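Working notes for the structure below.
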There are 4 protein chains.
Amino acid sequence: MNVSFLQELLNQVAERGRGLLDRSFFAGSPHEDIHALVMALISGRGEASGVVLAREVLIRYRQLGADERRQFFHFLAEQLAPDPERVRGAAAAYINAPSDDTLTALAKVIESPRQEFFRRLNLAPGATAQIVAMRHDLLRGPKLEPPLAAVDQDLAHLFHSWFNRGFLVLRRIDWSTPAAILEKIIAYEAVHAIQGWDDLRRRLDPADRRCFGFFHPSLVDEPLIFVEVALMSDAPQSIQVVLQEERKPAERIEEPNTAVFYSISNCQEGLRGISFGNFLIKQVVEELARELPSLKTFVTLSPVPQFARWLDRGIADDAAGVVSEEDRLTLQLLRDPGWFDEAEEEVLRETLLPLAAHYFLNAKSSGGKPVDPVARFHLGNGARLERINWLGDVSEKGLREAHGLMVNYRYDLKEIEKNHEAYENDGVVAVSKAVRSLLKPTPKPKPRNAVQRQLPPPTPPVGKPAAAPKLTSDIKSGD
Amino acid sequence: MNVSFLQELLNQVAERGRGLLDRSFFAGSPHEDIHALVMALISGRGEASGVVLAREVLIRYRQLGADERRQFFHFLAEQLAPDPERVRGAAAAYINAPSDDTLTALAKVIESPRQEFFRRLNLAPGATAQIVAMRHDLLRGPKLEPPLAAVDQDLAHLFHSWFNRGFLVLRRIDWSTPAAILEKIIAYEAVHAIQGWDDLRRRLDPADRRCFGFFHPSLVDEPLIFVEVALMSDAPQSIQVVLQEERKPAERIEEPNTAVFYSISNCQEGLRGISFGNFLIKQVVEELARELPSLKTFVTLSPVPQFARWLDRGIADDAAGVVSEEDRLTLQLLRDPGWFDEAEEEVLRETLLPLAAHYFLNAKSSGGKPVDPVARFHLGNGARLERINWLGDVSEKGLREAHGLMVNYRYDLKEIEKNHEAYENDGVVAVSKAVRSLLKPTPKPKPRNAVQRQLPPPTPPVGKPAAAPKLTSDIKSGD
Amino acid sequence: MNVSFLQELLNQVAERGRGLLDRSFFAGSPHEDIHALVMALISGRGEASGVVLAREVLIRYRQLGADERRQFFHFLAEQLAPDPERVRGAAAAYINAPSDDTLTALAKVIESPRQEFFRRLNLAPGATAQIVAMRHDLLRGPKLEPPLAAVDQDLAHLFHSWFNRGFLVLRRIDWSTPAAILEKIIAYEAVHAIQGWDDLRRRLDPADRRCFGFFHPSLVDEPLIFVEVALMSDAPQSIQVVLQEERKPAERIEEPNTAVFYSISNCQEGLRGISFGNFLIKQVVEELARELPSLKTFVTLSPVPQFARWLDRGIADDAAGVVSEEDRLTLQLLRDPGWFDEAEEEVLRETLLPLAAHYFLNAKSSGGKPVDPVARFHLGNGARLERINWLGDVSEKGLREAHGLMVNYRYDLKEIEKNHEAYENDGVVAVSKAVRSLLKPTPKPKPRNAVQRQLPPPTPPVGKPAAAPKLTSDIKSGD
Amino acid sequence: MNVSFLQELLNQVAERGRGLLDRSFFAGSPHEDIHALVMALISGRGEASGVVLAREVLIRYRQLGADERRQFFHFLAEQLAPDPERVRGAAAAYINAPSDDTLTALAKVIESPRQEFFRRLNLAPGATAQIVAMRHDLLRGPKLEPPLAAVDQDLAHLFHSWFNRGFLVLRRIDWSTPAAILEKIIAYEAVHAIQGWDDLRRRLDPADRRCFGFFHPSLVDEPLIFVEVALMSDAPQSIQVVLQEERKPAERIEEPNTAVFYSISNCQEGLRGISFGNFLIKQVVEELARELPSLKTFVTLSPVPQFARWLDRGIADDAAGVVSEEDRLTLQLLRDPGWFDEAEEEVLRETLLPLAAHYFLNAKSSGGKPVDPVARFHLGNGARLERINWLGDVSEKGLREAHGLMVNYRYDLKEIEKNHEAYENDGVVAVSKAVRSLLKPTPKPKPRNAVQRQLPPPTPPVGKPAAAPKLTSDIKSGD
């Protein structure tokens, strides 16, 4: 493999990416303001001096405060929008005489000049990362209304092309990875927080641990998404087993047969809505299967972020009929913060597991998909709901969000496409017998549909991702 | 700089890029035909199994013959076009009620599904290079008419995003570059053909020679464009001086003050119309100026590919008045193939140089720009026409195309933007006094404009690139 | 530069270096004991199966306990020594007829078979690091007496060849360096301990900080020696200024003129006596001077590890006359642990600085060189004693060892060789006027020699490095 | 694996190795002559300014002509030899009182100061390659007599340490290798000459061809030794099959089972006598077996460089009895240069093959080892003589040296050590039944020993390597 030539290639990317945006040689005038510079960049002048102008725009942008940045977005929204007159004319021309030519003409006037602006902005060294950060700025704060929503759409459209999976690179992250990247892993971990460098080392360095991330050649040192994996002899029932601090050497498996994806985190808020998780998991499955032929099973150990919330509503809403009176009584035991260490644990288990099965299999959001965002993500990828784990996560967060439950989703290579199709087309949830058997017989002779109709109003749809903020983009992508 | 991490990154790109597209793990059904696979790829199934489906489409495509490929493009043109009914509806809705929402809706139905198809196709390992090659296939043969032209536009639009200069990497190419890349330099050189490995070495290895190319991280081993540079103590008057086989050590300059760009070649037909040359020259100027502060002058040594043709027309068209009777007689000396070694050389020089100055300064194509495509390219970049070199290229090609003339264009950093603006806005050609003084006083009291009006019909505009086929994309970009 | 090919090269080194020493293919018998394996390795069998045998010896060695390792060294000392009979014979033959032939014959029998043993041992993947570690094992514990000293001499002789500076590579260590190496920097820092990853980052990441180390291609991930540098606008008077946690951005210098070497640490006990520090400092000076032409001054900020001890002896030994009665009284103030924050500080300063000047300039060890090992190192390198800094290090260690004093040695490129020669040949200490002027006029009419003769018995010579254990090898090398 | 850090490491090596030895910063006086510089380098001054002095010595050395270099070596031989008086004294002291101390003292005075000189010379950037070249200079010309032989011994001793196999790196050489290295492969190929870049590509690029070399981190761009390998479905009977220009794709094997080592070349004359071939073959076997588990057989296709010469002597020397009268007549057919295309071929085959078997199995050099140097090399490595190939190499060289014969030696992993031991200890040649059966029954009732006694005086021993000059070092190493 001619690896080395490419390696040098990347030297260049790296240098450009990290280098200070020092004024060069061809430097433009320091007296123009950012609006004038933007207009120059998309004019003919931008053809001759694009790199310089783009660099200047970025320098000015970085000096803006939060309010000025918002103003800048409004400027883009208003000044760089398609010309309504010309759109109207081209639309009419198309209606009068539909043809390839009138269609092309219409497409041309409809593309917002912002797209070309952002493409030219990307001429500057290190620009890609900054344009991503610009969208992060844009998405901060309240939901975007027109006309800023149009700016967001333009950026999202561009990123959809630029961050095409074909341009991403899978990289193993381990204890030999540069510290500059590792500190970002610590910062971005969104599922089970990393408690500093020692904890990080425990997750990366042992021979039975793996971490992989997607990187983009123009986003130096910045993972886009990463996944942490434990190689084990069995699908684990709790995150405590995976993350325990002291492991005896004997606990390291010679020939692991199970790869456990126990954490997956998106890193770039500016890339919200651009989905990588599905690709990442599948490519990591391929890599691991190639490296370690002993691996036969690929499962996640996943949180259930909405369960407690859903259950609260069920308790509150007497009419729903999901939570029986008896359940209601038992669930009061949960008020004792130490319930999971106590004798009551057994009683709660018998009450909560059937409710959880119901939550996954019968509770649907308005779109007809499961209420749980993590479930939607993995089921949408073609995984199967394999097991619900009692006391799977007894951390404060695990107890608060899911009364300690965790779930294994299984990626079975032979079934992925079939599961995906059934799920997308018919809303069928692929599920193991074990989980299915947890379901209580439907309480009354009412048909299942009836049960669903009685459900409490479905938990808030994806639009309110408050409970799992950092997971949003990928998790949503499963919808 | 954290170069090393990125280097490893590219290992991955390289492996993916070069690896055979072996059926993987998640491999799809071998029985589906390419049309069915395309439709699957843009359907929901493509979300679950995109990588596999994309890989399969590419495998099938490579097995198609030339005619089948053309049919495949027609399939894309017809089956993956925007839906006319929906376009018409959205256009009407916009006209009725112009708003951000109706505009967005219109933009959505107007984007051809082919764009998403090509983006998903790019999921497969090594796909980018193959999609570029697909466009090369498409552009082979006669000029594209609708509906294939629309497929071409979609690809061009996508490549405009994907091959944004911000994603390109400048690389020095030298004698330590892998042979796999060097053999492509030999193959792609379009201006002064490279006569094998020894000639290549003479151009790359000496301390006073440089070669730089742009690469894209996903197009492994494939330069997009490259430029060859000689470091000298003066702008050379002929290519013979630059390419001579035996150079005495003394001819190597300790502290060169002039960088001569004597050849620039585009490499990828599939990227026709995506312009890199402007960026390449300017970045190489920056690199060289940084590396060698002794460099003060940056010039090209460029061919004049259309001069002989233009002159033939002038001779044929008596009415034009550009070529005087006396000229006409003298020019007959050119029929002797060895004229440039003879006594007649001096006479011809006095006749041809003023005609050449006229060709550059007064002869205009229909767009009001110079007739010469290389001139349009460099002048459009902001360079200045510095000198016309007599007997600058006495190779068979140089004599045939330009009666041996070559030209130096000068990139003067302080003037580039000014020159560009004047050229783009007012058609002003930046020119040295030396070249201007070659112009004969306009023959009659007729004003200069009159001369221009009398000109022979301008040489064929860019549409007929027969004379400089490989240079097309960048050269055209100067238009 | 053909960097890339070499980069791949090192891939291989790395893989071999880090790979487990798994039994290969050609694996030897598992039943032989280590002594038999050693003998096989240096026999003819070692020629055919050297790699396998060497690998086996290393595997067995790693399984030995501390006592068994000592026995193993005794085995090497006794069984792999030159044959006394043959040495005696060859020595006699040389005496009888001195010639090139008899000399060569004598040289051959005198080289201990251990040298060939260690060279063959180095055939195994990753062996170099393990042989270095072997010497570390050997040096643990009490001073080596014959015959183990001979084993140590053989290893030292070999390492002197293997770790020749020509094979070492200077590497910048920064925040992009792999964590696996950074954690060793934390572990090996011997002068001003690094308090975890945040402290490390403060020393490596800012634009005005540098760290460089020497590495050997076969000692993967293991620095041999490293130096920490601060770029400043002036030689600092205290380590507190250099290591302060919170630095205002304003304190970062745009154009530093002074490079301060504030810590230099040897890393490999197994390489004791192989000197790298001199080369490291000089190459770092070259690198920095090239990178930052604004740098004009290169100084250390160095500890004075033996000063307090030397002073104690001077106090104890009334006869020496170095410490006057008045001094003695003043120095009692040092008993107050907070003296340096108090009013007494000024008095102490006036007493201690002249004594320190005396310590550096007049107090000599038995070899006629300064008492201070750090002084011997830098003066031996050709540096000049530039300044003695009052309250330069008020850490517990700094106060205990040097009553808070630190010293700047200056590396002035034009003077290095002259200083070195004068120091080596005549014992002359290069010193600034400022330091010289601190010396009190010699107390009595006694000539200076007399003063020296009256000195307390010189502080313990280098053999007792207890006060600065990790610095030993390089510091000693200055002797 | 932390490959990347090491990659950067090598950047440094590469830069230092290739950089011009420009005068630095610390540059020494340009007026000293090379002898004075040498003496300075080994004096105390060398400690302070070693890098500078070493650089200067190398610069001066490169400017010397051939005779001056010889004088320089004499200077080293005479001025940097051990002091005879001190050797004599130390030898006497040892004899009087043999002890570790007197032994160490003797060893110290006996080591020639040249060794330290060369070690210090290696301080200069890029020195290693130049010291190797120095030995090449020394070995040019007639056999070395004392005192120059002592200089050669010192260099050989040093290189034995420096180029220890533990420091070498195995690298695959393919079509992605830098041209700067590939041109050296063309130059150094010593067995079957490479006819330019196209031929090179045929040997490196196809999926069923491999080339591996050993490199040393300090000898940038310079292979030490390399081997060319063809992956086939059978051990080939002729080199023509391996090197044919046009191969049908069908001839490329999907799952090769045989790796054929058809050429192995040493590259550095300056490393003569330092043996790498044995290690190279065995490591390549390991690499290939790991990469391609389908490979079961590892054989060479080797020349028989001394066969024709040996046979000529046998013909000339009637008394030997090896060549019968009938043979003698038949062998006259060889005078026809086209014999191998003719009907006579069959007759010659029946005559020559038994003689060849005799040549390998019975003809011994004075050391009791086979006459053939290539045979000594592979048999010494533990390989087995597997097959003698009729018309294996019908090139001019193959016919001239070996009447067209080639040989396969087989590396059978399970037998290597056993074969080696039997060969080294008892002179037993490991041989296949097929080869053994070629031996004619000993002509008379004379016992085999008798035959041997009758043999012509063994062909000149290894000392006359004229017939296979470039192979010398490794081939000899088999002795």
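Chain identifiers are assigned as A, B, and so on, following the order in which chains appear in the structure tokens; residues are numbered from 1 within each chain, and ligands are numbered from 1 in order of appearance.
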Please return, as number ranges by chain, all residues of chain B lying within 6 Å of chain D when only C-alpha atoms are considered. B: 4, 175-180
Considering only alpha helix (DSSP H) as DSSP defines it on the backbone, what residues of range 326-428 of chain D qualify? List them as a PyMOL selection string. chain D and resi 326-331+344-361+373-380+396-402+416-426
Enumerate as a tab-separated table (two decimals) with N, CA, C and O atoms, in the first residue's frame all residues of range 247-391 of chain D assigned to strand (DSSP E or B) by DSSP on the backbone, naming them with the chain letters and numbers the document uses.
chain	number	residue	atom	x	y	z
D	258	THR	N	3.56	-21.64	-3.22
D	258	THR	CA	5.02	-21.69	-3.21
D	258	THR	C	5.59	-20.27	-3.34
D	258	THR	O	5.18	-19.53	-4.23
D	259	ALA	N	6.49	-19.94	-2.45
D	259	ALA	CA	7.20	-18.66	-2.56
D	259	ALA	C	8.60	-18.96	-3.06
D	259	ALA	O	9.32	-19.76	-2.46
D	260	VAL	N	8.96	-18.30	-4.17
D	260	VAL	CA	10.23	-18.57	-4.82
D	260	VAL	C	11.15	-17.37	-4.65
D	260	VAL	O	10.86	-16.28	-5.15
D	261	PHE	N	12.25	-17.57	-3.96
D	261	PHE	CA	13.26	-16.51	-3.79
D	261	PHE	C	14.20	-16.61	-4.97
D	261	PHE	O	15.09	-17.46	-4.98
D	262	TYR	N	14.01	-15.75	-5.96
D	262	TYR	CA	14.79	-15.96	-7.19
D	262	TYR	C	15.97	-14.99	-7.34
D	262	TYR	O	16.69	-15.07	-8.32
D	263	SER	N	16.15	-14.10	-6.39
D	263	SER	CA	17.31	-13.21	-6.48
D	263	SER	C	17.55	-12.56	-5.13
D	263	SER	O	16.62	-12.08	-4.49
D	264	ILE	N	18.77	-12.59	-4.69
D	264	ILE	CA	19.12	-11.93	-3.44
D	264	ILE	C	20.43	-11.19	-3.65
D	264	ILE	O	21.39	-11.74	-4.18
D	265	SER	N	20.44	-9.90	-3.35
D	265	SER	CA	21.60	-9.06	-3.68
D	265	SER	C	22.01	-8.23	-2.48
D	265	SER	O	21.19	-7.54	-1.87
D	266	ASN	N	23.29	-8.26	-2.17
D	266	ASN	CA	23.85	-7.33	-1.20
D	266	ASN	C	24.09	-6.00	-1.87
D	266	ASN	O	24.39	-5.94	-3.07
D	297	THR	N	5.34	-23.88	0.68
D	297	THR	CA	6.69	-24.23	0.28
D	297	THR	C	7.50	-22.96	0.02
D	297	THR	O	7.02	-22.05	-0.63
D	298	PHE	N	8.71	-22.95	0.55
D	298	PHE	CA	9.61	-21.81	0.36
D	298	PHE	C	10.89	-22.32	-0.26
D	298	PHE	O	11.63	-23.08	0.38
D	299	VAL	N	11.11	-21.94	-1.52
D	299	VAL	CA	12.31	-22.42	-2.20
D	299	VAL	C	13.02	-21.25	-2.86
D	299	VAL	O	12.43	-20.21	-3.13
D	300	THR	N	14.28	-21.47	-3.16
D	300	THR	CA	14.99	-20.50	-3.98
D	300	THR	C	14.99	-21.02	-5.42
D	300	THR	O	14.69	-22.19	-5.68
D	302	SER	N	18.15	-20.69	-7.70
D	302	SER	CA	19.49	-20.14	-7.48
D	302	SER	C	20.44	-20.47	-8.62
D	302	SER	O	20.32	-21.54	-9.23
D	364	LYS	N	34.44	-31.00	-2.80
D	364	LYS	CA	34.55	-30.17	-1.60
D	364	LYS	C	35.71	-29.20	-1.73
D	364	LYS	O	36.73	-29.52	-2.32
D	370	PRO	N	31.02	-27.63	0.33
D	370	PRO	CA	30.83	-27.70	-1.11
D	370	PRO	C	31.62	-26.62	-1.83
D	370	PRO	O	31.89	-25.55	-1.28
D	384	ARG	N	17.78	-27.16	2.14
D	384	ARG	CA	18.05	-28.48	1.54
D	384	ARG	C	18.17	-28.30	0.03
D	384	ARG	O	17.41	-27.54	-0.57
D	385	LEU	N	19.11	-29.02	-0.56
D	385	LEU	CA	19.25	-29.01	-2.02
D	385	LEU	C	18.10	-29.84	-2.59
D	385	LEU	O	18.06	-31.05	-2.43
D	386	GLU	N	17.15	-29.18	-3.24
D	386	GLU	CA	15.90	-29.85	-3.58
D	386	GLU	C	15.89	-30.39	-5.00
D	386	GLU	O	15.40	-31.49	-5.25
D	387	ARG	N	16.39	-29.59	-5.93
D	387	ARG	CA	16.26	-30.01	-7.33
D	387	ARG	C	17.31	-29.29	-8.16
D	387	ARG	O	17.63	-28.13	-7.92
D	388	ILE	N	17.84	-30.01	-9.16
D	388	ILE	CA	18.73	-29.38	-10.14
D	388	ILE	C	17.91	-29.22	-11.41
D	388	ILE	O	17.30	-30.17	-11.90
D	389	ASN	N	17.84	-27.98	-11.92
D	389	ASN	CA	16.95	-27.68	-13.05
D	389	ASN	C	17.73	-27.59	-14.35
D	389	ASN	O	18.60	-26.74	-14.51
With only C-alpha atoms as the counted atoms, please give the residues lying no more than 10 Å from range 420-430 of chain B, apart from itself and same-chain residues fewer than 6 positions off, as a ChimeraX atom specification. /A:44-45,47-49 /B:360-362,364,367-370,375-376,378-386,409-410,436,478-479
Hey, can you check how far CA of Phe212 in chain C sits from CA of Val227 in chain C?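 Between CA of Phe212 in chain C and CA of Val227 in chain C the gap is 5.5 Å.
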